[in-house]
$ cat run-v7.cif   # mmCIF, C-alpha atoms and all ligand atoms
data_input
#
loop_
_atom_site.group_PDB
_atom_site.id
_atom_site.type_symbol
_atom_site.label_atom_id
_atom_site.label_comp_id
_atom_site.auth_asym_id
_atom_site.auth_seq_id
_atom_site.Cartn_x
_atom_site.Cartn_y
_atom_site.Cartn_z
ATOM 1 C CA MET V 322 14.937 -7.507 4.218
ATOM 2 C CA THR V 323 11.779 -9.365 3.234
ATOM 3 C CA GLU V 324 11.574 -10.885 -0.221
ATOM 4 C CA ARG V 325 9.734 -8.686 -2.714
ATOM 5 C CA ARG V 326 6.436 -10.208 -3.787
ATOM 6 C CA SER V 327 4.665 -9.486 -7.035
ATOM 7 C CA ARG V 328 2.846 -6.229 -6.641
ATOM 8 C CA LEU V 329 -0.490 -7.369 -8.104
ATOM 9 C CA GLU V 330 -0.544 -10.943 -6.849
ATOM 10 C CA GLY V 331 -4.094 -12.205 -6.258
ATOM 11 C CA LYS V 332 -5.660 -9.366 -8.192
ATOM 12 C CA VAL V 333 -7.814 -9.551 -11.317
ATOM 13 C CA ALA V 334 -7.569 -6.777 -13.910
ATOM 14 C CA ILE V 335 -9.365 -5.641 -17.037
ATOM 15 C CA VAL V 336 -7.359 -3.621 -19.573
ATOM 16 C CA THR V 337 -9.291 -2.084 -22.478
ATOM 17 C CA GLY V 338 -7.507 -1.723 -25.807
ATOM 18 C CA ALA V 339 -4.974 -4.356 -24.734
ATOM 19 C CA GLY V 340 -3.881 -5.044 -28.290
ATOM 20 C CA SER V 341 -1.829 -2.646 -30.391
ATOM 21 C CA ARG V 342 -2.775 -1.172 -33.711
ATOM 22 C CA GLY V 343 0.045 -1.855 -36.135
ATOM 23 C CA GLU V 344 3.675 -2.605 -35.383
ATOM 24 C CA GLY V 345 5.030 -1.927 -31.927
ATOM 25 C CA VAL V 346 3.601 -1.798 -28.447
ATOM 26 C CA GLY V 347 0.750 0.477 -27.378
ATOM 27 C CA ASN V 348 -0.007 1.777 -23.898
ATOM 28 C CA GLY V 349 -2.705 -0.833 -23.309
ATOM 29 C CA LYS V 350 -0.529 -3.750 -24.371
ATOM 30 C CA ALA V 351 2.401 -2.593 -22.215
ATOM 31 C CA THR V 352 0.108 -2.066 -19.220
ATOM 32 C CA ALA V 353 -1.510 -5.499 -19.580
ATOM 33 C CA THR V 354 1.895 -7.141 -19.931
ATOM 34 C CA LEU V 355 3.264 -5.450 -16.796
ATOM 35 C CA PHE V 356 0.092 -6.276 -14.829
ATOM 36 C CA ALA V 357 0.597 -9.946 -15.701
ATOM 37 C CA GLN V 358 4.306 -9.803 -14.867
ATOM 38 C CA GLU V 359 3.339 -8.405 -11.464
ATOM 39 C CA GLY V 360 1.063 -11.373 -10.820
ATOM 40 C CA ALA V 361 -2.392 -10.146 -11.864
ATOM 41 C CA LYS V 362 -4.781 -12.266 -13.888
ATOM 42 C CA VAL V 363 -5.649 -10.025 -16.819
ATOM 43 C CA VAL V 364 -8.646 -9.799 -19.145
ATOM 44 C CA LEU V 365 -7.350 -8.350 -22.425
ATOM 45 C CA VAL V 366 -10.154 -6.465 -24.142
ATOM 46 C CA ASP V 367 -10.051 -5.411 -27.761
ATOM 47 C CA MET V 368 -12.623 -5.006 -30.507
ATOM 48 C CA GLU V 369 -10.031 -6.613 -32.809
ATOM 49 C CA ILE V 370 -9.649 -10.003 -31.128
ATOM 50 C CA ASP V 371 -6.494 -10.880 -33.115
ATOM 51 C CA ARG V 372 -4.719 -7.941 -31.481
ATOM 52 C CA ALA V 373 -5.689 -9.087 -27.981
ATOM 53 C CA ALA V 374 -4.659 -12.630 -28.932
ATOM 54 C CA GLU V 375 -1.153 -11.385 -29.774
ATOM 55 C CA THR V 376 -0.807 -9.809 -26.338
ATOM 56 C CA LEU V 377 -2.180 -13.009 -24.782
ATOM 57 C CA ALA V 378 0.390 -15.181 -26.559
ATOM 58 C CA GLU V 379 3.235 -12.968 -25.319
ATOM 59 C CA ILE V 380 1.943 -12.972 -21.730
ATOM 60 C CA GLU V 381 1.482 -16.738 -21.737
ATOM 61 C CA ALA V 382 4.970 -17.231 -23.194
ATOM 62 C CA GLU V 383 6.290 -15.407 -20.104
ATOM 63 C CA GLY V 384 4.241 -17.647 -17.789
ATOM 64 C CA GLY V 385 1.532 -15.075 -17.033
ATOM 65 C CA THR V 386 -2.226 -15.620 -16.764
ATOM 66 C CA ALA V 387 -4.610 -13.781 -19.064
ATOM 67 C CA SER V 388 -7.632 -14.166 -21.355
ATOM 68 C CA ALA V 389 -8.566 -12.337 -24.527
ATOM 69 C CA PHE V 390 -12.097 -10.938 -24.798
ATOM 70 C CA ALA V 391 -13.659 -9.298 -27.864
ATOM 71 C CA ALA V 392 -15.721 -6.235 -27.001
ATOM 72 C CA ASP V 393 -16.437 -2.766 -28.299
ATOM 73 C CA VAL V 394 -16.259 -0.582 -25.198
ATOM 74 C CA THR V 395 -18.708 1.925 -26.717
ATOM 75 C CA SER V 396 -21.433 -0.718 -26.286
ATOM 76 C CA ASP V 397 -23.117 -0.899 -22.885
ATOM 77 C CA ASP V 398 -24.168 -4.527 -23.440
ATOM 78 C CA GLU V 399 -20.655 -5.577 -24.399
ATOM 79 C CA CYS V 400 -19.189 -3.811 -21.351
ATOM 80 C CA ARG V 401 -21.644 -5.710 -19.115
ATOM 81 C CA GLU V 402 -20.652 -8.987 -20.773
ATOM 82 C CA LEU V 403 -16.994 -8.114 -20.363
ATOM 83 C CA VAL V 404 -17.288 -7.619 -16.609
ATOM 84 C CA GLU V 405 -19.337 -10.809 -16.253
ATOM 85 C CA PHE V 406 -16.654 -12.657 -18.230
ATOM 86 C CA ALA V 407 -13.957 -11.446 -15.814
ATOM 87 C CA ILE V 408 -16.010 -12.655 -12.834
ATOM 88 C CA ALA V 409 -16.827 -16.010 -14.452
ATOM 89 C CA GLN V 410 -13.208 -16.554 -15.442
ATOM 90 C CA TYR V 411 -11.374 -15.404 -12.317
ATOM 91 C CA GLY V 412 -14.006 -14.925 -9.577
ATOM 92 C CA ARG V 413 -13.427 -11.259 -8.748
ATOM 93 C CA LEU V 414 -12.458 -7.873 -10.188
ATOM 94 C CA ASP V 415 -9.917 -5.523 -8.605
ATOM 95 C CA ILE V 416 -8.481 -3.324 -11.360
ATOM 96 C CA LEU V 417 -9.985 -1.585 -14.390
ATOM 97 C CA ASP V 418 -7.607 0.207 -16.772
ATOM 98 C CA ASN V 419 -9.654 2.316 -19.200
ATOM 99 C CA ASN V 420 -7.109 2.780 -21.980
ATOM 100 C CA VAL V 421 -9.106 2.963 -25.228
ATOM 101 C CA GLY V 422 -8.959 6.351 -26.921
ATOM 102 C CA ASN V 423 -8.186 8.046 -30.209
ATOM 103 C CA SER V 424 -7.586 11.493 -31.662
ATOM 104 C CA HIS V 425 -9.353 13.170 -34.503
ATOM 105 C CA ARG V 426 -7.804 16.521 -35.473
ATOM 106 C CA GLU V 427 -10.550 18.712 -36.861
ATOM 107 C CA ARG V 428 -11.075 22.230 -35.558
ATOM 108 C CA VAL V 429 -14.482 23.314 -34.299
ATOM 109 C CA THR V 430 -15.091 25.210 -37.529
ATOM 110 C CA GLU V 431 -14.485 22.071 -39.589
ATOM 111 C CA ILE V 432 -15.529 19.137 -37.472
ATOM 112 C CA ASP V 433 -18.235 16.806 -38.612
ATOM 113 C CA LEU V 434 -20.648 16.559 -35.688
ATOM 114 C CA ASP V 435 -20.888 12.781 -35.950
ATOM 115 C CA ASP V 436 -17.092 12.655 -35.615
ATOM 116 C CA TRP V 437 -17.355 14.826 -32.491
ATOM 117 C CA ASP V 438 -19.934 12.466 -30.976
ATOM 118 C CA ASN V 439 -17.867 9.419 -31.888
ATOM 119 C CA ILE V 440 -14.716 10.744 -30.221
ATOM 120 C CA MET V 441 -16.596 11.751 -27.080
ATOM 121 C CA THR V 442 -18.184 8.297 -26.968
ATOM 122 C CA LEU V 443 -14.929 6.428 -27.576
ATOM 123 C CA ASN V 444 -12.699 8.482 -25.267
ATOM 124 C CA LEU V 445 -15.105 9.393 -22.464
ATOM 125 C CA LYS V 446 -18.463 7.597 -22.444
ATOM 126 C CA SER V 447 -16.695 4.233 -22.830
ATOM 127 C CA MET V 448 -15.144 4.766 -19.390
ATOM 128 C CA VAL V 449 -18.600 5.331 -17.902
ATOM 129 C CA LEU V 450 -19.860 2.137 -19.546
ATOM 130 C CA THR V 451 -17.054 -0.099 -18.272
ATOM 131 C CA SER V 452 -17.045 1.505 -14.815
ATOM 132 C CA ARG V 453 -20.811 1.264 -14.239
ATOM 133 C CA HIS V 454 -20.602 -2.502 -14.564
ATOM 134 C CA ALA V 455 -17.229 -2.928 -12.859
ATOM 135 C CA ILE V 456 -17.872 -0.876 -9.703
ATOM 136 C CA PRO V 457 -20.664 -3.075 -8.202
ATOM 137 C CA ARG V 458 -18.465 -6.159 -8.723
ATOM 138 C CA MET V 459 -15.450 -4.451 -7.105
ATOM 139 C CA ILE V 460 -17.581 -3.467 -4.121
ATOM 140 C CA GLU V 461 -18.518 -7.130 -3.562
ATOM 141 C CA THR V 462 -14.878 -7.897 -2.689
ATOM 142 C CA GLY V 463 -14.101 -4.722 -0.740
ATOM 143 C CA GLY V 464 -13.119 -2.254 -3.460
ATOM 144 C CA GLY V 465 -10.750 -1.751 -6.345
ATOM 145 C CA SER V 466 -8.707 0.622 -8.465
ATOM 146 C CA ILE V 467 -9.858 2.300 -11.662
ATOM 147 C CA ILE V 468 -7.272 3.963 -13.904
ATOM 148 C CA ASN V 469 -8.466 6.272 -16.669
ATOM 149 C CA ILE V 470 -6.062 7.219 -19.456
ATOM 150 C CA SER V 471 -6.274 10.958 -20.113
ATOM 151 C CA SER V 472 -3.530 13.013 -21.819
ATOM 152 C CA ILE V 473 -1.599 16.206 -21.233
ATOM 153 C CA SER V 474 -3.559 17.327 -24.300
ATOM 154 C CA GLY V 475 -6.576 17.478 -21.986
ATOM 155 C CA VAL V 476 -5.222 20.564 -20.257
ATOM 156 C CA ARG V 477 -3.669 22.635 -22.990
ATOM 157 C CA ALA V 478 -4.384 24.069 -26.431
ATOM 158 C CA GLY V 479 -4.026 21.828 -29.434
ATOM 159 C CA LYS V 480 -5.574 21.527 -32.850
ATOM 160 C CA ASP V 481 -7.874 18.739 -31.808
ATOM 161 C CA PRO V 482 -10.831 20.071 -29.803
ATOM 162 C CA ALA V 483 -12.694 16.761 -29.569
ATOM 163 C CA TYR V 484 -9.592 15.016 -28.203
ATOM 164 C CA THR V 485 -8.783 17.873 -25.797
ATOM 165 C CA ALA V 486 -12.375 18.103 -24.546
ATOM 166 C CA SER V 487 -12.708 14.346 -24.112
ATOM 167 C CA LYS V 488 -9.382 14.021 -22.282
ATOM 168 C CA ALA V 489 -10.281 16.980 -20.011
ATOM 169 C CA GLY V 490 -13.595 15.191 -19.464
ATOM 170 C CA VAL V 491 -11.700 12.070 -18.404
ATOM 171 C CA ILE V 492 -10.087 14.114 -15.608
ATOM 172 C CA GLY V 493 -13.484 15.438 -14.489
ATOM 173 C CA LEU V 494 -14.992 11.965 -14.596
ATOM 174 C CA THR V 495 -12.063 10.601 -12.569
ATOM 175 C CA ILE V 496 -12.479 13.205 -9.824
ATOM 176 C CA SER V 497 -16.240 12.730 -9.724
ATOM 177 C CA MET V 498 -16.059 8.929 -9.542
ATOM 178 C CA ALA V 499 -13.325 9.104 -6.892
ATOM 179 C CA GLY V 500 -15.659 11.267 -4.777
ATOM 180 C CA ASP V 501 -18.728 9.128 -5.351
ATOM 181 C CA HIS V 502 -17.125 5.750 -4.669
ATOM 182 C CA GLY V 503 -14.339 6.381 -2.153
ATOM 183 C CA ARG V 504 -16.460 5.182 0.782
ATOM 184 C CA GLU V 505 -16.988 1.934 -1.084
ATOM 185 C CA GLY V 506 -13.254 1.318 -1.286
ATOM 186 C CA ILE V 507 -12.948 2.275 -4.941
ATOM 187 C CA ARG V 508 -9.962 4.428 -5.891
ATOM 188 C CA VAL V 509 -10.109 6.278 -9.205
ATOM 189 C CA ASN V 510 -7.082 7.985 -10.740
ATOM 190 C CA ALA V 511 -6.060 9.250 -14.161
ATOM 191 C CA ILE V 512 -2.790 9.052 -16.042
ATOM 192 C CA ALA V 513 -1.937 11.922 -18.393
ATOM 193 C CA PRO V 514 0.716 10.712 -20.822
ATOM 194 C CA GLY V 515 2.770 13.158 -22.860
ATOM 195 C CA PRO V 516 4.708 12.463 -26.053
ATOM 196 C CA VAL V 517 4.871 8.687 -25.915
ATOM 197 C CA TYR V 518 6.001 6.770 -28.982
ATOM 198 C CA THR V 519 3.254 4.255 -29.737
ATOM 199 C CA PRO V 520 1.576 2.911 -32.887
ATOM 200 C CA MET V 521 -1.224 5.433 -32.294
ATOM 201 C CA VAL V 522 1.125 8.292 -33.250
ATOM 202 C CA ALA V 523 4.047 6.557 -34.990
ATOM 203 C CA TRP V 524 2.369 6.482 -38.396
ATOM 204 C CA ARG V 525 2.276 10.279 -38.604
ATOM 205 C CA LEU V 526 5.668 11.139 -37.129
ATOM 206 C CA SER V 527 8.592 11.659 -39.487
ATOM 207 C CA GLU V 528 12.087 11.314 -37.949
ATOM 208 C CA GLU V 529 12.270 15.101 -37.896
ATOM 209 C CA LYS V 530 8.974 15.486 -36.046
ATOM 210 C CA ARG V 531 9.964 12.712 -33.689
ATOM 211 C CA ALA V 532 13.227 14.490 -32.814
ATOM 212 C CA TYR V 533 11.377 17.769 -32.292
ATOM 213 C CA ARG V 534 8.862 16.059 -30.042
ATOM 214 C CA LYS V 535 11.638 14.479 -27.995
ATOM 215 C CA ASN V 536 13.185 17.905 -27.494
ATOM 216 C CA THR V 537 10.000 19.274 -25.982
ATOM 217 C CA THR V 538 10.555 17.109 -22.908
ATOM 218 C CA MET V 539 12.811 18.268 -20.076
ATOM 219 C CA LEU V 540 14.544 14.892 -20.127
ATOM 220 C CA ARG V 541 15.174 15.129 -23.892
ATOM 221 C CA THR V 542 13.824 11.602 -24.299
ATOM 222 C CA GLU V 543 10.711 10.145 -25.789
ATOM 223 C CA GLY V 544 8.237 8.348 -23.565
ATOM 224 C CA THR V 545 7.530 4.672 -24.071
ATOM 225 C CA PRO V 546 4.330 2.709 -23.434
ATOM 226 C CA TRP V 547 6.215 1.010 -20.599
ATOM 227 C CA ASP V 548 6.483 4.367 -18.794
ATOM 228 C CA VAL V 549 2.685 4.618 -18.916
ATOM 229 C CA GLY V 550 2.374 0.951 -17.907
ATOM 230 C CA TRP V 551 4.562 1.311 -14.806
ATOM 231 C CA ALA V 552 2.510 4.306 -13.676
ATOM 232 C CA ALA V 553 -0.580 2.107 -14.041
ATOM 233 C CA VAL V 554 1.060 -0.699 -12.028
ATOM 234 C CA PHE V 555 1.635 1.758 -9.166
ATOM 235 C CA LEU V 556 -1.949 3.058 -9.259
ATOM 236 C CA ALA V 557 -3.302 -0.498 -9.479
ATOM 237 C CA SER V 558 -1.230 -1.777 -6.562
ATOM 238 C CA ASP V 559 -1.740 -1.369 -2.832
ATOM 239 C CA GLU V 560 1.348 0.865 -2.815
ATOM 240 C CA SER V 561 -1.018 3.669 -3.868
ATOM 241 C CA LYS V 562 -3.771 2.676 -1.407
ATOM 242 C CA TRP V 563 -4.148 6.248 -0.077
ATOM 243 C CA ILE V 564 -4.181 7.903 -3.489
ATOM 244 C CA THR V 565 -7.456 8.698 -5.236
ATOM 245 C CA GLY V 566 -8.795 11.434 -7.501
ATOM 246 C CA THR V 567 -5.339 12.376 -8.786
ATOM 247 C CA VAL V 568 -3.889 12.875 -12.248
ATOM 248 C CA LEU V 569 -0.450 11.317 -12.616
ATOM 249 C CA THR V 570 1.389 13.106 -15.419
ATOM 250 C CA VAL V 571 3.831 10.901 -17.319
ATOM 251 C CA ASP V 572 5.478 13.232 -19.817
ATOM 252 C CA GLY V 573 9.193 13.675 -19.184
ATOM 253 C CA GLY V 574 8.434 17.140 -17.833
ATOM 254 C CA SER V 575 7.107 18.419 -21.140
ATOM 255 C CA SER V 576 4.070 20.168 -19.661
ATOM 256 C CA MET V 577 5.785 21.945 -16.741
ATOM 257 C CA VAL V 578 7.269 24.791 -18.749
ATOM 258 C CA SER V 579 6.043 26.865 -21.673
ATOM 259 C CA ARG V 580 8.461 25.505 -24.230
ATOM 260 C CA HIS V 581 5.889 24.494 -26.736
ATOM 261 C CA VAL V 582 5.303 26.322 -29.911
ATOM 262 C CA TYR V 583 1.618 26.007 -30.734
ATOM 263 C CA SER V 584 2.069 23.204 -33.162
ATOM 264 C CA ASP V 585 0.350 19.991 -34.062
ATOM 265 C CA ASP V 586 3.799 18.458 -34.468
ATOM 266 C CA VAL V 587 4.463 18.406 -30.734
ATOM 267 C CA MET V 588 2.199 15.666 -29.490
ATOM 268 C CA GLY V 589 1.406 14.019 -32.747
ATOM 269 C CA VAL V 590 -2.014 13.375 -31.220
HETATM 270 N N1 LIG V 601 0.716 7.794 -27.758
HETATM 271 C C1 LIG V 601 0.651 8.947 -27.148
HETATM 272 O O1 LIG V 601 1.520 9.821 -27.353
HETATM 273 C C2 LIG V 601 -0.457 9.210 -26.163
HETATM 274 C C3 LIG V 601 -0.389 10.386 -25.413
HETATM 275 C C4 LIG V 601 -1.393 10.649 -24.503
HETATM 276 C C5 LIG V 601 -2.429 9.750 -24.316
HETATM 277 N N2 LIG V 601 -2.488 8.624 -25.059
HETATM 278 C C6 LIG V 601 -3.634 7.739 -24.830
HETATM 279 O O2 LIG V 601 -3.237 6.380 -24.739
HETATM 280 C C7 LIG V 601 -4.326 5.567 -25.203
HETATM 281 C C8 LIG V 601 -3.867 4.768 -26.394
HETATM 282 O O3 LIG V 601 -3.392 3.616 -25.980
HETATM 283 P P1 LIG V 601 -2.738 2.527 -26.966
HETATM 284 O O4 LIG V 601 -1.364 2.985 -27.270
HETATM 285 O O5 LIG V 601 -2.943 1.220 -26.321
HETATM 286 O O6 LIG V 601 -3.635 2.685 -28.306
HETATM 287 P P2 LIG V 601 -3.764 1.821 -29.639
HETATM 288 O O7 LIG V 601 -4.092 2.787 -30.702
HETATM 289 O O8 LIG V 601 -2.567 0.914 -29.825
HETATM 290 O O9 LIG V 601 -5.096 0.998 -29.355
HETATM 291 C C9 LIG V 601 -5.123 -0.123 -28.541
HETATM 292 C C10 LIG V 601 -6.248 -1.015 -28.991
HETATM 293 O O10 LIG V 601 -7.532 -0.414 -28.758
HETATM 294 C C11 LIG V 601 -8.435 -1.110 -29.601
HETATM 295 N N3 LIG V 601 -9.713 -0.381 -29.676
HETATM 296 C C12 LIG V 601 -9.980 0.737 -30.373
HETATM 297 N N4 LIG V 601 -11.281 1.077 -30.221
HETATM 298 C C13 LIG V 601 -11.835 0.149 -29.402
HETATM 299 C C14 LIG V 601 -13.145 -0.064 -28.888
HETATM 300 N N5 LIG V 601 -14.154 0.773 -29.183
HETATM 301 N N6 LIG V 601 -13.368 -1.125 -28.073
HETATM 302 C C15 LIG V 601 -12.362 -1.987 -27.778
HETATM 303 N N7 LIG V 601 -11.099 -1.846 -28.249
HETATM 304 C C16 LIG V 601 -10.843 -0.790 -29.057
HETATM 305 C C17 LIG V 601 -7.686 -1.191 -30.920
HETATM 306 O O11 LIG V 601 -8.149 -2.268 -31.719
HETATM 307 C C18 LIG V 601 -6.240 -1.372 -30.488
HETATM 308 O O12 LIG V 601 -5.780 -2.696 -30.636
HETATM 309 C C19 LIG V 601 -5.448 6.485 -25.658
HETATM 310 O O13 LIG V 601 -6.407 6.687 -24.666
HETATM 311 C C20 LIG V 601 -4.667 7.758 -25.960
HETATM 312 O O14 LIG V 601 -5.465 8.892 -25.950
HETATM 313 C C21 LIG V 601 -1.522 8.329 -25.981
#
$ encode --input "run-v7.cif" --output "structure tokens" --more "lines below"
Ligand SMILES: NC(=O)c1ccc[n+]([C@@H]2O[C@H](COP(=O)([O-])OP(=O)(O)OC[C@H]3O[C@@H](n4cnc5c(N)ncnc54)[C@H](O)[C@@H]3O)[C@@H](O)[C@H]2O)c1
Amino acid sequence: MTERRSRLEGKVAIVTGAGSRGEGVGNGKATATLFAQEGAKVVLVDMEIDRAAETLAEIEAEGGTASAFAADVTSDDECRELVEFAIAQYGRLDILDNNVGNSHRERVTEIDLDDWDNIMTLNLKSMVLTSRHAIPRMIETGGGSIINISSISGVRAGKDPAYTASKAGVIGLTISMAGDHGREGIRVNAIAPGPVYTPMVAWRLSEEKRAYRKNTTMLRTEGTPWDVGWAAVFLASDESKWITGTVLTVDGGSSMVSRHVYSDDVMGV
């Protein structure tokens, strides 16, 4: 048997939202950490640079290679600068993990229209902004892998229309980009996480809600950001070299049966 080599050795990755809000580990932080453990050089993007710096310190303590970069991914100029930073720092770009996103929780009858625009910009347009600058650079070195973080909330009813619409939009964007850029060697896939316990949702989950949420999965366990991160490692690596335009659901089986009561307690997002 040949010795197993690191799955992302020689590759350069950008992870957006690579810090974590609050205590604990978010999906972006876990993904960036696993990318570095698998040998990638990682640009850790966060609008709160202290959060990216925390992830950086942990990666460096493990002997990994990464850099923190402050950018708001809703700004086209900052996304351009981010991609140029990755090239200047590491000479190429192979992987883009578009992780930034947030929920809002106002029904259509109540939502402030500026809030609607802000969620669509943060969750969906941001992925267009990073990708439009990343793709030409990936093409220069033969291609790359783009991973867009959607949600199982993007394909079912919930009390958060802006979140649902934006996450469904992420799936549409993924399919469209996969079609447009496949011939250029760019693979584009989405991950749809289910009830994952991260700082994004932890603050609004009581122990009771958390237990209920866990029970909605077929495995009767809660997802962790590492489950999302390992899915991203697979989609970033050459192991998935013939996979593009797919949505990889990471939800403990919670979306495959109709167990859910229509409740905002289920996802917590
Ligand atoms: N937790 C869940 O149950 C769950 C389920 C499905 C999908 N998701 C998705 O996972 C992603 C959340 O990932 P996370 O756990 O890393 O989130 P997080 O809330 O921990 O945020 C990560 C970082 O993103 C940064 N950020 C926020 N806005 C930014 C911007 N405009 N530009 C740059 N950085 C910005 C924050 O400062 C934060 O440090 C979202 O897309 C979310 O929709 C989560």
$ axis_aligned_box --input "run-v7.cif" --around "region 389-401 of chain V" --padding-each-side "8 Å" --output "JSON"
{"center_x": -16.4, "center_y": -5.2, "center_z": -23.7, "size_x": 31.6, "size_y": 30.3, "size_z": 25.2}
$ residues_near_ligand --input "run-v7.cif" --ligand "ligand LIG 601 (chain V)" --cutoff "7 Å" --atoms "only C-alpha atoms and all ligand atoms" --output "number ranges by chain"
V: 337-342, 346-350, 366-369, 372-373, 392-395, 420-424, 443-444, 470-473, 513-522, 546, 588-590
$ resolve_selection --input "run-v7.cif" --expression "the PyMOL selection byres (((chain V and resi 475) around 7) and not hetatm)" --output "list in words"
Ser471, Ser472, Ile473, Ser474, Val476, Arg477, Thr485, Ala486, Lys488 and Ala489 of chain V
$ atom_distance --input "run-v7.cif" --atom1 "CA of Arg534 (chain V)" --atom2 "CA of Val578 (chain V)"
14.4 Å
$ residues_around --input "run-v7.cif" --residues "Gly506 (chain V)" --least-positions-apart "6" --cutoff "10 Å" --atoms "all atoms listed in the file" --output "list in words"
Ile456, Met459, Ile460, Thr462, Gly463, Gly464, Gly465, Ser466, Ala499 and Lys562 of chain V
$ resolve_selection --input "run-v7.cif" --expression "the PyMOL selection byres (((chain V and resi 406) around 12) and not hetatm)" --output "ChimeraX atom specification"
/V:333-335,363-366,388-392,399-405,407-414,454-455,458
$ residues_around --input "run-v7.cif" --residues "Met498 (chain V)" --least-positions-apart "6" --cutoff "9 Å" --atoms "only C-alpha atoms" --output "compact mmCIF listing (two decimals) with C-alpha atoms, in the frame of the given file"
# COMPACT_ATOMS: atom_id res chain seq x y z
CA ILE V 507 -12.95 2.28 -4.94
CA ARG V 508 -9.96 4.43 -5.89
CA VAL V 509 -10.11 6.28 -9.20
CA GLY V 566 -8.80 11.43 -7.50
$ residues_near_point --input "run-v7.cif" --point "(-5.3, 9.3, -4.7)" --cutoff "12 Å" --atoms "only C-alpha atoms" --output "ChimeraX atom specification"
/V:466-468,495-496,498-500,503,506-512,555-569
$ atom_distance --input "run-v7.cif" --atom1 "CA of Leu377 (chain V)" --atom2 "CA of Thr354 (chain V)"
8.6 Å
$ resolve_selection --input "run-v7.cif" --expression "the PyMOL selection byres (((chain V and resi 384) around 12) and not hetatm)" --output "MDAnalysis selection string"
chainID V and resid 354 357:362 377:383 385:387
$ residues_around --input "run-v7.cif" --residues "Lys446 (chain V)" --least-positions-apart "5" --cutoff "12 Å" --atoms "only C-alpha atoms" --output "PyMOL selection string"
chain V and resi 394-397+400+419+421-422+438-441+451-453+469+487-488+490-491+494
$ atom_distance --input "run-v7.cif" --atom1 "CA of Ala553 (chain V)" --atom2 "CA of Phe356 (chain V)"
8.4 Å
$ closest_residue --input "run-v7.cif" --among "V:Ala351, V:Ala374, V:Leu445, V:Val429" --to "Asp548 (chain V)" --atoms "only C-alpha atoms"
V:Ala351
$ closest_residue --input "run-v7.cif" --among "V:Ser527, V:Glu461, V:Leu329, V:Asp481" --to "Trp437 (chain V)" --atoms "all atoms listed in the file"
V:Asp481
$ closest_residue --input "run-v7.cif" --among "V:Glu344, V:Ala478, V:Gly544, V:Ala483" --to "Asp435 (chain V)" --atoms "only C-alpha atoms"
V:Ala483
$ residues_around --input "run-v7.cif" --residues "Gly574 (chain V)" --least-positions-apart "4" --cutoff "8 Å" --atoms "only C-alpha atoms" --output "list in words"
Thr538, Met539, Leu540 and Val578 of chain V
$ decode --input "run-v7.cif" --residues "region 446-481 of chain V" --atoms "C-alpha atoms" --output "PDB file, in the first residue's frame"
ATOM      1  CA  LYS V 446     -24.187  38.104  -4.197  1.00  0.00           C
ATOM      2  CA  SER V 447     -21.020  37.733  -2.094  1.00  0.00           C
ATOM      3  CA  MET V 448     -20.395  34.386  -3.805  1.00  0.00           C
ATOM      4  CA  VAL V 449     -20.647  36.063  -7.211  1.00  0.00           C
ATOM      5  CA  LEU V 450     -18.177  38.741  -6.105  1.00  0.00           C
ATOM      6  CA  THR V 451     -15.522  36.330  -4.827  1.00  0.00           C
ATOM      7  CA  SER V 452     -15.986  33.924  -7.745  1.00  0.00           C
ATOM      8  CA  ARG V 453     -15.766  36.562 -10.494  1.00  0.00           C
ATOM      9  CA  HIS V 454     -12.275  37.457  -9.333  1.00  0.00           C
ATOM     10  CA  ALA V 455     -11.181  33.936  -8.400  1.00  0.00           C
ATOM     11  CA  ILE V 456     -12.195  32.109 -11.596  1.00  0.00           C
ATOM     12  CA  PRO V 457      -9.783  33.899 -14.016  1.00  0.00           C
ATOM     13  CA  ARG V 458      -6.902  33.208 -11.599  1.00  0.00           C
ATOM     14  CA  MET V 459      -7.880  29.526 -11.271  1.00  0.00           C
ATOM     15  CA  ILE V 460      -8.005  29.200 -15.051  1.00  0.00           C
ATOM     16  CA  GLU V 461      -4.398  30.441 -15.294  1.00  0.00           C
ATOM     17  CA  THR V 462      -3.222  27.280 -13.498  1.00  0.00           C
ATOM     18  CA  GLY V 463      -5.603  24.802 -15.133  1.00  0.00           C
ATOM     19  CA  GLY V 464      -8.734  25.070 -12.994  1.00  0.00           C
ATOM     20  CA  GLY V 465      -9.981  24.812  -9.448  1.00  0.00           C
ATOM     21  CA  SER V 466     -12.786  23.926  -7.072  1.00  0.00           C
ATOM     22  CA  ILE V 467     -15.418  26.312  -5.752  1.00  0.00           C
ATOM     23  CA  ILE V 468     -17.559  25.240  -2.794  1.00  0.00           C
ATOM     24  CA  ASN V 469     -20.661  27.259  -1.958  1.00  0.00           C
ATOM     25  CA  ILE V 470     -22.298  26.814   1.443  1.00  0.00           C
ATOM     26  CA  SER V 471     -26.064  26.505   1.020  1.00  0.00           C
ATOM     27  CA  SER V 472     -28.404  24.904   3.594  1.00  0.00           C
ATOM     28  CA  ILE V 473     -31.165  22.328   3.702  1.00  0.00           C
ATOM     29  CA  SER V 474     -33.268  25.393   4.532  1.00  0.00           C
ATOM     30  CA  GLY V 475     -32.850  26.339   0.871  1.00  0.00           C
ATOM     31  CA  VAL V 476     -35.186  23.564  -0.218  1.00  0.00           C
ATOM     32  CA  ARG V 477     -37.916  23.488   2.373  1.00  0.00           C
ATOM     33  CA  ALA V 478     -40.370  25.734   4.200  1.00  0.00           C
ATOM     34  CA  GLY V 479     -39.144  27.736   7.142  1.00  0.00           C
ATOM     35  CA  LYS V 480     -39.982  31.013   8.790  1.00  0.00           C
ATOM     36  CA  ASP V 481     -37.126  32.827   7.146  1.00  0.00           C
TER      37      ASP V 481
END
